[in-house]
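Since the structure comes first, as structure tokens, the remarks are kept for the end.
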Amino acid sequence: MDPTKIVEALRATLVADQQRQAEEYLKQVNKIIGFTPQLLQIVMSENLEMPVRQAGAIFLKNTVVNHWDEDEKNFMIHENDKQIIRENLIQAIIAAANPVRVQLSVCVTTIVKSDYPGRWTGFVEKILTYLTSDQPNTWLGSLLCLYQLVKFYEYKKSEERKSLNEAMFHFLPVIQNMLAGLFADQSELSVTIQKQILKIFFAFTQVWLPMDILTKEIFAIWMRMVCQLADRPVPLECNQVDEDDRSDLIWWKCRKWALHILTRVFERYGSPGSVSKEYSKFAEWYIKTFSEITLEVMLRILDKYRSKEYVSPRVLQLTLNYLTHAVAHAVSWKVIRPHIQIIIQDIVFPLMCHSEEDEEMWQNDPVEYIRVKYDVYEEFFHPATAAQSLLHDVVSKRKDVLEKTMAFVMSVLVSQNVDPRQKSGALQMVGSLAEILLNKKVYKDQAEVMLIQYVVPELGSQLGYMRSRACWVLHSYSEVKFKNPSNLQVILESLVSILSNDGELPVKIEAAIGLQMMLAEQESAKEIIQPRVQKIIVELLNLIRETENDDLTSVLQKIVCVYSEEITPLAVEITSHLAQTFAKVIDSVESDSNEDKSITLMGILNTLETICSVMEEEKEVLKHIEGVVMNVIVYIIQHDVSEFFEEMFTLIYSLTSSQITPKMWGVLSLLYDAFQRDNIECFSEVMPCLHNYVTVDPGAFLADPKWLEIIFNMCKMVLNSESGEDNEVHAAKLLEVILLQFKGLIDNVVPLVVQLILHRLFREIKTTELRTMCLQVVIAALYYNPVMLLNLLNCTPVPNSNASITGHFLKQWLNDSDCFLGLHDRKMFVLGLCTILNLPNGTRPPELNEIAKDVLPSLILVFKGLKRAYESRLKEEEEEEADNGGEVEDNEVEDDEDVIDNEGDEYMRHLEKAAKADDAEDDSDDDEYEDDDCEETALEGYETLLDKDDCPVEEYQIFKAVMESLQHSDINLYQFLTSCLTEEQKKEIDEIFRLAEQKRAAAESKRIEQAGGYNFKNVQIPTSFCFGGAQ
């Protein structure tokens, strides 16, 4: 292999018109044995220019990531080449420049995942050798390799980290000594190494704290070093760098990682009452040992910020987060309490104010301001969000803090000459404390006055950010009970006016969200806003198109739901506008690869679905809407935009819930085409749509054979694939629905369904859900036509046996009687056995005799479950009617008390229980079954004809009728079934019969009542029944 050609190809990838041809050449030669090691050698050649080496590193990374492990679709790197890479990769990373080193580190991650510890036996030893050498230039690369190892195990279960723990037992003392030795050296390389050590320690301890390795003594040494690094000032020359770039300096990054460790350790292992049981003692020790030292560091950082010295945003955010956790504990609160009012007034308050950066973005790029403000990820890491969380927690958990804070806030609001930005901060504090204030009577009673006196006037401010802030406060207080209706009217009319007439986009958005919240919380708001609904909708549609803000789609959905009648004339226009906006946004996503817009697109699709649902009864309007929405659906399917499949399926479901037009039948063909393009995994998501196609218009479904063929083929593809048992359960359920929906109408399809299901039953099945569902399909076929089913079973041998499958099926059916859950499944169990028992003598399968003694005990078990399921459904219906309102509990505690996080404690117990359950076998005995399985199953949402309220097929009455018929027509079978029953079981059969008679009487009464007359009769119910001649 000529390395010169490889170098030329890599160089050509950097030239636009040569790139494609060069990449094709590299893809061809990378399959040749020896290519990968040759590529690594080229990457490390100092004689080549860096762009070529970097291009080689990227291609090497992609080759290792895609071809290190065996894959059906890709070739695998030869083992000889792998060995060469494993032997030289660590040295290559040590010697590489940073742009190349980053790519090679990804290779380490891939190889560790596949080969460590088995085939990469010298990996740990080689890193340890370099880390213990006296050559500092080998340390950073070695630490990067170690970091990849730790990252691979970071989220593994504790018992899966044995190999890592064994390695870290040797590494921790080495990197601890290295960190201590480098502390005084603040050169860029030294601090980079220190930062890398901190990242390793963080990844190692983020999820688990191995206390056998990190003993209290060793842990204490680490914590003191981490505190020193968090507290260490950055070099003075860092202040010469522009503020916008300072946070990227390695010195601030090092402090950030130190604070990451302190915050994470405190949150996960050091907070008594909020940690899992295994860390309870450690938490008590930690908070007593380290509260003072860590909080002193935090307070010094905050004091620097208070003194107008630069503190990077992430360092400030993590510091405030630490204090938020600390205020709940008496030990740490004791340290914080003397400083809390200063922190609130001089740190939290300024962070709440509209800043210079905010104003610059507001004026120069209001759309970007909106994007950043409503971006949850960016907001989560912003110091202002951390300040708001600290404020909320401390005023809700510690006495007297709220009163002093509100006194400060009011002093700002009432001041005549206050800076408007300070007033914006005060309003932000008022809004962020709304939940707390509205649950304290003294503030709740004054909330309306406060809004009218201090917030509503700012809606007319000359400053856009003040109008925006006032709108935000109003939506935060949307739950206020207005004593004066005119005040609510003033607020609502002001919000509508701002939405319609304000010239600044961020203000209009806050006004729109304010209207949404008021509509949700204020009953009279609907009537007040009603005359302006059409104008509001027009403004919302324009705003959505202009800003692509997903919060606005939620506002529009609320308006559509509340004013369904009013929007009818506009429904087609709204839908068209949204469809056009969808096309505009998705085109921009394709051109810019802007993933942030995906949420907006999902919001548009959800709003379209809401309109379709609301317009369901307006057939003529829905017909026009459907034509518009079809364009969106077709685009998603034809372009295979799987990211939006879930929302598209919901949209299709809405459009097929009450009727299916010719256009929507065409969508089924498109779905089938998409399904065949490797989209089998989404079957469970598309299932509601397919259920509609089968059940909403049965006549049209059967009128064209291709629709049944499509559905059957989709189910067949799933059941013959490796798409996962959840998808297979849904496919089997759909086949059952078809058999029950078209009883007597699809005789030619039944054998195909039965053969498909039997074939799946004899392959490995991991879950009882899938096995039970497959059995249920066969039961449905039995209910469809028992003679046909039994003939099919008799003609189908058990694999590797000459015996028929009938006996095997019947035994498995009864053996799994405790796995039939919910109402529908249990009803099918009963109807299936009744169907067999009701066959004429001589046509029943002879294998029935082998299981006859187990039939009634199994039915008794299932009827018990049915009774619980009916009771559970009734209870749920009653609970839905109950009103569970109430005020939030006051959580303030004394200074010397810890705040008990009951919800957090319960959550930790739940996690511990789940972890134990995950390790145990899922052995479901009858007791567990009785406790946990009374409710409906997830699949019962897919209704069949047997589940409808007016279905005449009632399982209790059918069972009673069959047993009474057998007693007279086939006494031998009757005695065979009942002769082994215990006295207790006989009483349970009596109870089933009694319930059957009750249900018959209730049905008769309902029939008479619906006919217009009702006569009460005394019904004599037998108190006992004769079983097998027993007296």
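By convention here, the chains of the structure tokens are called A, B, ... in the order presented, each chain's residues are numbered starting at 1, and ligands are numbered starting at 1 in the order presented.
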
Per DSSP on the backbone, filter region 453-571 of chain A down to the residues in helix (DSSP H, G or I) and report them as an MDAnalysis selection string.
chainID A and resid 453:460 464:476 485:501 505:521 525:547 550:562 564:571

Pick out the residues sitting within 10 Å of region 834-846 of chain A, and hand them over as an MDAnalysis selection string; count only C-alpha atoms, and ignore anything fewer than 4 positions along from it in its own chain.
chainID A and resid 779 782:787 790:791 794 806:807 810 828:830 850:852 855 859 955 958:963 965:966 969:970 973:974

For Ala700 (chain A), the closest of A:Ile85, A:Thr575, A:Leu739, A:Ile660 counting only C-alpha atoms is A:Ile660

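The space between CA of Leu299 (chain A) and CA of Leu229 (chain A) spans 14.8 Å.
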
Please provide the set of residues having any atom within 10 Å of Leu451 (chain A), restricted to only C-alpha atoms, with same-chain residues fewer than 3 positions apart removed, written as a list in words.
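Final neighbour list, sorted by chain and number: Gln446, Ala447, Glu448, Tyr454, Val455, Val456, Pro457, Ala470, Val473, Leu474, Tyr477, Val480, Asn487 and Ile491 of chain A.
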
For the residues in the current selection, export N, CA and C atoms as a CSV table (one decimal), in the first residue's frame.
```csv
chain,number,residue,atom,x,y,z
A,446,GLN,N,-53.2,40.2,49.7
A,446,GLN,CA,-52.7,41.5,49.2
A,446,GLN,C,-52.3,41.4,47.7
A,447,ALA,N,-52.3,40.2,47.2
A,447,ALA,CA,-51.8,39.9,45.8
A,447,ALA,C,-52.5,40.8,44.8
A,448,GLU,N,-53.8,40.9,44.8
A,448,GLU,CA,-54.5,41.6,43.8
A,448,GLU,C,-54.1,43.1,43.8
A,454,TYR,N,-48.5,47.9,41.4
A,454,TYR,CA,-47.1,47.9,41.0
A,454,TYR,C,-46.7,47.2,39.7
A,455,VAL,N,-47.6,46.3,39.2
A,455,VAL,CA,-47.3,45.6,38.0
A,455,VAL,C,-48.1,46.1,36.8
A,456,VAL,N,-49.4,46.2,36.9
A,456,VAL,CA,-50.2,46.7,35.8
A,456,VAL,C,-49.7,48.0,35.2
A,457,PRO,N,-49.3,49.0,36.1
A,457,PRO,CA,-48.8,50.3,35.5
A,457,PRO,C,-47.6,50.1,34.6
A,470,ALA,N,-43.5,42.7,33.3
A,470,ALA,CA,-44.8,42.9,33.9
A,470,ALA,C,-45.8,41.8,33.4
A,473,VAL,N,-44.9,38.6,35.3
A,473,VAL,CA,-45.4,38.5,36.6
A,473,VAL,C,-46.9,38.2,36.7
A,474,LEU,N,-47.6,38.8,35.7
A,474,LEU,CA,-49.1,38.6,35.7
A,474,LEU,C,-49.4,37.1,35.4
A,477,TYR,N,-48.9,35.1,38.5
A,477,TYR,CA,-50.0,35.2,39.5
A,477,TYR,C,-51.4,35.0,38.9
A,480,VAL,N,-54.5,34.1,41.1
A,480,VAL,CA,-55.1,35.0,42.1
A,480,VAL,C,-56.6,35.0,42.0
A,487,ASN,N,-60.7,44.5,37.8
A,487,ASN,CA,-59.2,44.4,37.8
A,487,ASN,C,-58.8,43.3,36.8
A,491,ILE,N,-56.5,43.7,33.3
A,491,ILE,CA,-55.3,42.9,33.0
A,491,ILE,C,-55.5,42.2,31.6
```
